[in-house]
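**Student:** This is the structure I want to talk about, given as structure tokens.
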Amino acid sequence: MEDLLKIKEWEIGILQGELAASQGISIRRRPPSGPPPYYVGPFEFHLQNEGKTPCNILEEIIWYKDVEVSEMKKRKSLSMLKMLLDNAPPARDFVGALKAANLRTGVPGLIAEVKKASPSRGVMREDFDPVLIAKAYEKGGAACLSVLTDEKFFQGSFENLEVIRNSGVQCPLLCKEFIIDAWQIYYARVKGADAILLIAAVLLDLDIKYMVTICKLIGLAALVEVHNEREMDRVLALEGIELVGINNRDLGTFKVDISNTKTLLEGERGERIRERGIIVVGESGLFTPADIAYVQGAGVKAVLVGESIVKQKDPTAGIAGLFGKNIAS
């Protein structure tokens, strides 16, 4: 019976991989493995991708996350998390906060990122106090905050999310995590998140649809992140999408090009986004008022910014510098 279960799990993995490839998803969920011993079945002659090393940093993160989440689920079951939801702080209106900030200031609403480090940049701030940074962002006019919760690659934590939520900061909070399992959505909500990130480069269309539905059921906003035209088209084909993030960073090379935002919002795509009232969030490569003006001209109503403000000695002043004016109320 155990052998049969292993065979079925392996076959499902093969099918998921083929479905992902058909949707243009190159990120593999876990390292490839050969068939179980004595396997005979429809995939008997299936040629495995022999790449046992991650093809880029995102794939490396996802492989690690697959193991990490499996371990976390053993310690805290989904049924336990659902019980804890009753005591979770009420969800705040993430989308509403971005819209209000955009109307009030005339510039994109700011999602300011509480971020200590990244794989590409290393440690960005040695004197890292998540609450002090969060309060400085709020004082500077941030509409919402993004809190990195990945420990291994970004030196973040769910404790940071929790402590910011309990500090009196009023800004809605985005849990910046690499979501691969619905369990993580409930966990983020229990820890105080008002929104989560879903990455189209990692998730199947059905995964995104299912996870967006869960978010609506438990009061979370879902920021669905895309990197290219194919991912944008996939996401726009789904119902219930309110927030789309355009990441200007190439996943393979980590090169940043903010013209990616303009490319993805041109023509019919831009029209569909406006018709559906979807808020577009510009992400990565935003350092100056000219950068903000460029993506705003392309059609974004919000921006997610970390590096260019968290590295400033005074993040409050850093926000004013980024926008070229004081955006605090």
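In the structure tokens, each chain is lettered A, B, ... as it comes, each chain's residues begin at 1, and ligands are numbered from 1 in order of appearance.
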Just the strand (DSSP E or B) stuff from range 136-184 of chain A, please, per backbone DSSP, written as number ranges by chain.
**Tutor:** A: 144-148, 173-176
**Student:** For those residues, write N, CA, C and O atoms to a file as a PDB file, in the first residue's frame.
**Tutor:**
ATOM      1  N   CYS A 144       0.593  51.103   3.211  1.00  0.00           N
ATOM      2  CA  CYS A 144       0.657  49.722   3.703  1.00  0.00           C
ATOM      3  C   CYS A 144       2.118  49.362   3.915  1.00  0.00           C
ATOM      4  O   CYS A 144       3.018  50.045   3.426  1.00  0.00           O
ATOM      5  N   LEU A 145       2.344  48.254   4.615  1.00  0.00           N
ATOM      6  CA  LEU A 145       3.705  47.756   4.814  1.00  0.00           C
ATOM      7  C   LEU A 145       3.800  46.327   4.289  1.00  0.00           C
ATOM      8  O   LEU A 145       2.837  45.568   4.328  1.00  0.00           O
ATOM      9  N   SER A 146       4.976  45.985   3.779  1.00  0.00           N
ATOM     10  CA  SER A 146       5.290  44.615   3.390  1.00  0.00           C
ATOM     11  C   SER A 146       6.354  44.111   4.360  1.00  0.00           C
ATOM     12  O   SER A 146       7.356  44.789   4.586  1.00  0.00           O
ATOM     13  N   VAL A 147       6.120  42.934   4.925  1.00  0.00           N
ATOM     14  CA  VAL A 147       7.048  42.387   5.918  1.00  0.00           C
ATOM     15  C   VAL A 147       7.587  41.049   5.421  1.00  0.00           C
ATOM     16  O   VAL A 147       6.826  40.094   5.222  1.00  0.00           O
ATOM     17  N   LEU A 148       8.906  40.990   5.202  1.00  0.00           N
ATOM     18  CA  LEU A 148       9.551  39.741   4.773  1.00  0.00           C
ATOM     19  C   LEU A 148       9.498  38.731   5.914  1.00  0.00           C
ATOM     20  O   LEU A 148       9.911  39.033   7.037  1.00  0.00           O
ATOM     21  N   LEU A 173      -0.864  45.150   6.640  1.00  0.00           N
ATOM     22  CA  LEU A 173       0.410  44.448   6.461  1.00  0.00           C
ATOM     23  C   LEU A 173       0.311  43.349   5.402  1.00  0.00           C
ATOM     24  O   LEU A 173      -0.581  42.500   5.450  1.00  0.00           O
ATOM     25  N   LEU A 174       1.262  43.365   4.474  1.00  0.00           N
ATOM     26  CA  LEU A 174       1.435  42.291   3.492  1.00  0.00           C
ATOM     27  C   LEU A 174       2.465  41.306   4.029  1.00  0.00           C
ATOM     28  O   LEU A 174       3.579  41.697   4.366  1.00  0.00           O
ATOM     29  N   CYS A 175       2.091  40.036   4.106  1.00  0.00           N
ATOM     30  CA  CYS A 175       3.049  38.992   4.466  1.00  0.00           C
ATOM     31  C   CYS A 175       3.821  38.630   3.202  1.00  0.00           C
ATOM     32  O   CYS A 175       3.271  38.026   2.281  1.00  0.00           O
ATOM     33  N   LYS A 176       5.094  39.022   3.143  1.00  0.00           N
ATOM     34  CA  LYS A 176       5.930  38.777   1.961  1.00  0.00           C
ATOM     35  C   LYS A 176       6.603  37.416   2.147  1.00  0.00           C
ATOM     36  O   LYS A 176       7.671  37.298   2.745  1.00  0.00           O
TER      37      LYS A 176
END
**Student:** Show which residues sit within 12 Å of Arg230 in chain A, as a list in words. Count only C-alpha atoms, and ignore same-chain residues fewer than 4 positions away.
**Tutor:**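 So, after excluding close chain neighbours, the residues are Ser22, Gln23, Gly24, Ile25, Ala200, Ala201, Asp205, Val226, Arg234, Val235, Leu236, Ala237, Thr263, Leu264 and Arg269 of chain A.
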**Student:** Restricting the calculation to only C-alpha atoms, which member of A:Phe128, A:Phe158, A:Tyr294, A:Phe94 is positioned closest to Ala222 in chain A?
**Tutor:**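 Closest candidate: A:Phe94.
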**Student:** I'd like the contact shell of Gly156 in chain A - 12 Å cut-off, only C-alpha atoms, skipping same-chain residues fewer than 4 positions apart - returned as a ChimeraX atom specification.
**Tutor:** /A:113-118,123,128-130,146-152,160-162,175-177
**Student:** Can you list, as a PyMOL selection string, all residues belonging to range 81-245 of chain A that DSSP tags as alpha helix (DSSP H)?
**Tutor:** chain A and resi 81-84+94-105+130-140+158-165+182-190+205-218+229-236
**Student:** May I ask for the distance between CA of Phe323 in chain A and CA of Ile292 in chain A, given in Å to one decimal place?
**Tutor:**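 Between CA of Phe323 in chain A and CA of Ile292 in chain A the gap is 6.8 Å.
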**Student:** Excluding Gly245 in chain A and its own-chain neighbours fewer than 2 positions away, which residues fall within 7 Å of it when counting only C-alpha atoms? Please give them as a compact mmCIF listing (two decimals) with N, CA and C atoms, in the first residue's frame.
**Tutor:**
# COMPACT_ATOMS: atom_id res chain seq x y z
N LEU A 223 -2.07 39.84 -3.43
CA LEU A 223 -1.27 40.54 -4.44
C LEU A 223 -0.65 39.47 -5.33
N VAL A 224 -1.11 39.40 -6.58
CA VAL A 224 -0.62 38.38 -7.50
C VAL A 224 0.48 38.99 -8.36
N GLU A 225 1.68 38.42 -8.24
CA GLU A 225 2.85 39.01 -8.88
C GLU A 225 3.17 38.35 -10.21
N VAL A 226 3.42 39.20 -11.23
CA VAL A 226 3.81 38.71 -12.55
C VAL A 226 5.13 39.34 -12.96
N LEU A 243 -5.59 42.85 -7.17
CA LEU A 243 -4.25 43.45 -7.10
C LEU A 243 -3.28 42.64 -7.94
N ASN A 247 6.66 42.79 -11.24
CA ASN A 247 8.04 42.79 -10.75
C ASN A 247 8.98 43.05 -11.93
N VAL A 280 -2.75 48.05 -10.08
CA VAL A 280 -1.44 47.52 -10.45
C VAL A 280 -0.38 48.11 -9.52
N VAL A 281 0.47 47.24 -9.01
CA VAL A 281 1.55 47.63 -8.09
C VAL A 281 2.88 47.49 -8.82
N GLY A 282 3.65 48.55 -8.89
CA GLY A 282 4.99 48.50 -9.48
C GLY A 282 5.99 48.00 -8.44
N GLU A 283 6.84 47.06 -8.84
CA GLU A 283 7.79 46.46 -7.90
C GLU A 283 9.20 46.39 -8.50
**Student:** Just want the 7 Å neighbourhood of Ser284 in chain A, counted on only C-alpha atoms, with same-chain residues fewer than 3 positions away dropped. Output as a list in words.
**Tutor:**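 Within the cut-off, the hits are Asn247, Asn248, Arg249, Val256 and Val305 of chain A.
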